[in-house]
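Asker: To start, I am sharing the structure in question, which I have written as structure tokens.
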Amino acid sequence: MSTGNRQTRLGHIMLIEPVLHTQIQDLHFSHSLVFKTLAPFTPQLIRDIGVTNGDEQQVGYYVSILVSMFSSFKCRRTHRAENQSILTAAFTLATTMLWFGLSRTYLGLLLSRVICGAFNGENGIIKSMMMDITDATNLPKAYGYMPLPSMLASIIGPLAGGSLSRPADRFPEIFGQSQLLKIYPYLLACAVPALCSAIVWLVLYFCYKESVSTTVSLWEVIKQWFSQRSYAKRSALSNNALLSSEEANSEEVPSKSLPLRAVLTPKVVTVSANSGVVTLFVVGIGKLQQIFYATPIELGGVSLDPPRIGFIFATSAFADGIFQLLFYARLHDRLGARVIYMAGLGSGIPVIILFPVINALTRAHGMSFIVWFAIGVQRALIMIMDMCFRLFVRAAAPSRASIGATNGIVQLVNGVARIIAPGCAVVFSFSMQEGRDAWLVYYFYAVLVFVAIGTSMALPQDPSLWEERQ
């Protein structure tokens, strides 16, 4: 890509910076807040509704099923999703979170997550929008803005979920007289993301404007129905006008998207395989931590209550956001995307080793400073694990017109990985059973790390090398 084109793209992202703050970040915030709020108290909720009949080893199974069902029904949308779809997603997040808080049976919890997943596609929209307005030269700087809503949601969510669960027991002087919160002890915690999603829905409804209008008059619909040839001519004229208005960047703006078979290039397949394995490991580790923190010490965990689990997640999210905001682009410019990505994968091994180490330290010293220090080191290593990979996704697209299709393929692979990942955490519950190898779950995750390192060998040293060859 020439220097002039790079400057053009940099200028373009500077122009859309207000859009990032009002549209993309609003979507990212509401999407992240829901999942971060549920994480601290879900294991305790499973115990309270009695579905495990007091069997602690079954908690991991039911938590994993709850997460997997959401991912199974999650709809992946491209950056061409309509305004109505985005509004529907925000509305569904608000209503299903209230449903989740009012559920007193496992079936009710399951149905609320299924419906939430079926109408939720914000994550794919966010990634497609970001990749569509950037290239390999300014995407690191653009992603410097992305930790802001995620960090805010990752701080508010765990703190709300951990502190506001069972409020009648935790704050009897304030909520002790509320029969509603005694009957539904997790309603208040779920109301926080529900309220935020409702506010985001109102903001998007009154302020969100699509960059390309999809409004078509009735007369145009009738003409398109009876004359496909006329429609094709209008499309050709529209494409010619677009090309003439961006003549300086004609190499970057193709007239039409490529078919699916043409998009499935070796680069896209390589990136999809890498993304799937990394997603499987990162999401699986996240769910494993959620169960590990809540599991009793004698069964291999650390026996933390929801407030302390929320504190861990919130603190690590704050550190993650600050680190990416201040150092992400600088590290990328100095070391390159592949070096940082490989360093993140390499950190997976000590992350796995620290699980039994933390349990052993807790058995010996209780929740002392050394245990909290080990937990902090583990969270810091996880922080760098998923960095820089989106640069490869953007660079793997055969053309700018196929960025959405490329991201759709990667999101499809990631969706399958997210369905499987909670099942990986089930291995922890399986290993707790009498007569099983307690290290089985850690062997399993170590294999995933080595598979991820092996698939990453096919990635280029710099994502921009792929773009320059297009």
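Identifiers in the structure tokens: chain A, B, ... in order shown; residue index from 1 per chain; ligand index from 1 in order shown.
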May I have the residues within 12 Å of Thr105 (chain A) as a CSV table (one decimal) with C-alpha atoms, in the first residue's frame, using only C-alpha atoms and disregarding those fewer than 6 positions away in the same chain?
Answerer:
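Listed below is the output, selection-v5.csv:
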```csv
chain,number,residue,atom,x,y,z
A,45,LEU,CA,-26.7,-19.6,41.5
A,46,ILE,CA,-26.5,-23.2,40.3
A,47,ARG,CA,-26.0,-24.4,43.8
A,48,ASP,CA,-28.9,-22.3,45.2
A,49,ILE,CA,-31.6,-23.5,42.7
A,50,GLY,CA,-30.8,-27.1,43.8
A,51,VAL,CA,-30.3,-28.6,40.3
A,52,THR,CA,-27.1,-30.4,41.5
A,99,TRP,CA,-35.7,-12.9,32.9
A,111,LEU,CA,-34.3,-20.4,28.1
A,112,SER,CA,-33.3,-16.8,28.9
A,184,TYR,CA,-35.2,-13.5,43.7
```
Asker: Could you give me, as CSV, a per-residue list for region 384-447 of chain A showing, wherever an atom lies at most 8 Å from an atom of region 56-71 of chain A, the closest pair of atoms and their distance in Å to one decimal, using only C-alpha atoms and sorting by chain then residue number from low to high?
Answerer:
```
residue,atom,partner,partner_atom,distance
A:Gly415,CA,A:Ser71,CA,6.5
A:Val416,CA,A:Ser71,CA,7.9
A:Arg418,CA,A:Ser71,CA,6.0
A:Ile419,CA,A:Ser68,CA,4.8
A:Ile420,CA,A:Ser68,CA,7.0
A:Ala421,CA,A:Ser68,CA,7.8
A:Pro422,CA,A:Ser64,CA,4.6
A:Gly423,CA,A:Ser64,CA,5.8
A:Ala425,CA,A:Ser64,CA,6.9
A:Val426,CA,A:Tyr61,CA,5.5
A:Phe428,CA,A:Gly60,CA,7.5
A:Ser429,CA,A:Gln57,CA,5.4
A:Phe430,CA,A:Gln57,CA,7.6
A:Met432,CA,A:Gln57,CA,6.7
A:Gln433,CA,A:Gln57,CA,7.0
```
Asker: For all heavy atoms, I'd like the residues from the last selection saved as an mmCIF file, in the first residue's frame.
Answerer:
```
data_model
loop_
_atom_site.group_PDB
_atom_site.id
_atom_site.type_symbol
_atom_site.label_atom_id
_atom_site.label_comp_id
_atom_site.auth_asym_id
_atom_site.auth_seq_id
_atom_site.Cartn_x
_atom_site.Cartn_y
_atom_site.Cartn_z
ATOM 1 N N GLY A 415 -17.550 -19.069 16.643
ATOM 2 C CA GLY A 415 -18.811 -19.472 17.261
ATOM 3 C C GLY A 415 -18.816 -20.946 17.633
ATOM 4 O O GLY A 415 -19.271 -21.325 18.716
ATOM 5 N N VAL A 416 -18.298 -21.772 16.726
ATOM 6 C CA VAL A 416 -18.194 -23.205 17.039
ATOM 7 C C VAL A 416 -17.248 -23.415 18.222
ATOM 8 O O VAL A 416 -17.518 -24.237 19.117
ATOM 9 C CB VAL A 416 -17.702 -23.978 15.801
ATOM 10 C CG1 VAL A 416 -17.480 -25.454 16.132
ATOM 11 C CG2 VAL A 416 -18.699 -23.852 14.651
ATOM 12 N N ARG A 418 -16.650 -21.334 20.632
ATOM 13 C CA ARG A 418 -17.295 -20.867 21.860
ATOM 14 C C ARG A 418 -18.333 -21.862 22.364
ATOM 15 O O ARG A 418 -18.637 -21.900 23.565
ATOM 16 C CB ARG A 418 -17.948 -19.503 21.625
ATOM 17 C CG ARG A 418 -16.937 -18.385 21.452
ATOM 18 C CD ARG A 418 -17.615 -17.046 21.199
ATOM 19 N NE ARG A 418 -16.642 -16.003 20.993
ATOM 20 C CZ ARG A 418 -16.051 -15.322 21.973
ATOM 21 N NH1 ARG A 418 -16.367 -15.587 23.236
ATOM 22 N NH2 ARG A 418 -15.163 -14.391 21.711
ATOM 23 N N ILE A 419 -18.917 -22.629 21.465
ATOM 24 C CA ILE A 419 -19.843 -23.677 21.893
ATOM 25 C C ILE A 419 -19.087 -24.795 22.596
ATOM 26 O O ILE A 419 -19.519 -25.330 23.617
ATOM 27 C CB ILE A 419 -20.616 -24.231 20.679
ATOM 28 C CG1 ILE A 419 -21.504 -23.134 20.084
ATOM 29 C CG2 ILE A 419 -21.466 -25.429 21.082
ATOM 30 C CD1 ILE A 419 -22.161 -23.536 18.777
ATOM 31 N N ILE A 420 -17.917 -25.139 22.056
ATOM 32 C CA ILE A 420 -17.127 -26.243 22.602
ATOM 33 C C ILE A 420 -16.386 -25.830 23.870
ATOM 34 O O ILE A 420 -16.206 -26.639 24.784
ATOM 35 C CB ILE A 420 -16.127 -26.751 21.545
ATOM 36 C CG1 ILE A 420 -16.870 -27.215 20.289
ATOM 37 C CG2 ILE A 420 -15.278 -27.882 22.093
ATOM 38 C CD1 ILE A 420 -15.956 -27.572 19.142
ATOM 39 N N ALA A 421 -15.952 -24.550 23.939
ATOM 40 C CA ALA A 421 -15.078 -24.102 25.028
ATOM 41 C C ALA A 421 -15.649 -24.347 26.419
ATOM 42 O O ALA A 421 -14.916 -24.826 27.304
ATOM 43 C CB ALA A 421 -14.745 -22.617 24.838
ATOM 44 N N PRO A 422 -16.925 -24.027 26.701
ATOM 45 C CA PRO A 422 -17.426 -24.338 28.051
ATOM 46 C C PRO A 422 -17.365 -25.821 28.364
ATOM 47 O O PRO A 422 -17.196 -26.207 29.531
ATOM 48 C CB PRO A 422 -18.873 -23.824 28.005
ATOM 49 C CG PRO A 422 -18.873 -22.787 26.939
ATOM 50 C CD PRO A 422 -17.911 -23.293 25.904
ATOM 51 N N GLY A 423 -17.495 -26.666 27.329
ATOM 52 C CA GLY A 423 -17.349 -28.096 27.546
ATOM 53 C C GLY A 423 -15.952 -28.477 27.976
ATOM 54 O O GLY A 423 -15.754 -29.475 28.683
ATOM 55 N N ALA A 425 -14.198 -26.767 30.034
ATOM 56 C CA ALA A 425 -14.165 -26.556 31.480
ATOM 57 C C ALA A 425 -14.813 -27.706 32.236
ATOM 58 O O ALA A 425 -14.537 -27.909 33.424
ATOM 59 C CB ALA A 425 -14.860 -25.234 31.828
ATOM 60 N N VAL A 426 -15.679 -28.474 31.552
ATOM 61 C CA VAL A 426 -16.297 -29.631 32.180
ATOM 62 C C VAL A 426 -15.245 -30.656 32.575
ATOM 63 O O VAL A 426 -15.431 -31.434 33.524
ATOM 64 C CB VAL A 426 -17.345 -30.255 31.229
ATOM 65 C CG1 VAL A 426 -17.836 -31.597 31.734
ATOM 66 C CG2 VAL A 426 -18.531 -29.308 31.078
ATOM 67 N N PHE A 428 -12.666 -30.159 34.102
ATOM 68 C CA PHE A 428 -12.279 -29.879 35.484
ATOM 69 C C PHE A 428 -13.190 -30.621 36.455
ATOM 70 O O PHE A 428 -12.720 -31.240 37.429
ATOM 71 C CB PHE A 428 -12.326 -28.371 35.737
ATOM 72 C CG PHE A 428 -11.950 -27.968 37.136
ATOM 73 C CD1 PHE A 428 -10.636 -28.052 37.565
ATOM 74 C CD2 PHE A 428 -12.910 -27.509 38.022
ATOM 75 C CE1 PHE A 428 -10.284 -27.682 38.860
ATOM 76 C CE2 PHE A 428 -12.572 -27.137 39.312
ATOM 77 C CZ PHE A 428 -11.253 -27.224 39.720
ATOM 78 N N SER A 429 -14.506 -30.578 36.210
ATOM 79 C CA SER A 429 -15.437 -31.310 37.066
ATOM 80 C C SER A 429 -15.221 -32.815 36.938
ATOM 81 O O SER A 429 -15.330 -33.552 37.930
ATOM 82 C CB SER A 429 -16.879 -30.948 36.695
ATOM 83 O OG SER A 429 -17.132 -29.575 36.926
ATOM 84 N N PHE A 430 -14.920 -33.265 35.730
ATOM 85 C CA PHE A 430 -14.666 -34.688 35.515
ATOM 86 C C PHE A 430 -13.425 -35.148 36.280
ATOM 87 O O PHE A 430 -13.409 -36.238 36.872
ATOM 88 C CB PHE A 430 -14.496 -34.959 34.021
ATOM 89 C CG PHE A 430 -14.221 -36.386 33.675
ATOM 90 C CD1 PHE A 430 -15.237 -37.326 33.653
ATOM 91 C CD2 PHE A 430 -12.935 -36.807 33.370
ATOM 92 C CE1 PHE A 430 -14.987 -38.651 33.339
ATOM 93 C CE2 PHE A 430 -12.665 -38.122 33.050
ATOM 94 C CZ PHE A 430 -13.701 -39.050 33.035
ATOM 95 N N MET A 432 -12.338 -33.997 39.021
ATOM 96 C CA MET A 432 -12.549 -33.957 40.467
ATOM 97 C C MET A 432 -13.140 -35.251 41.002
ATOM 98 O O MET A 432 -13.103 -35.511 42.202
ATOM 99 C CB MET A 432 -13.480 -32.792 40.844
ATOM 100 C CG MET A 432 -12.841 -31.415 40.740
ATOM 101 S SD MET A 432 -13.868 -30.147 41.523
ATOM 102 C CE MET A 432 -15.398 -30.292 40.626
ATOM 103 N N GLN A 433 -13.709 -36.067 40.119
ATOM 104 C CA GLN A 433 -14.365 -37.285 40.568
ATOM 105 C C GLN A 433 -13.352 -38.268 41.133
ATOM 106 O O GLN A 433 -12.190 -38.319 40.708
ATOM 107 C CB GLN A 433 -15.138 -37.917 39.412
ATOM 108 C CG GLN A 433 -16.257 -37.056 38.878
ATOM 109 C CD GLN A 433 -16.971 -37.679 37.695
ATOM 110 O OE1 GLN A 433 -16.660 -38.798 37.302
ATOM 111 N NE2 GLN A 433 -17.929 -36.957 37.143
#
```
Asker: Of the candidates A:Met367, A:Ala395, A:Ile349, A:Leu335, which one gets nearest to Val302 (chain A) if we count only C-alpha atoms?
Answerer: A:Met367
Asker: Check the smallest atom-to-atom distance from each of A:Val441, A:Cys116, A:Ile370, A:Ala94 to Leu288 (chain A) using only C-alpha atoms, then report the winner.
Answerer: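 Result for the nearest residue to Leu288 (chain A): A:Val441.
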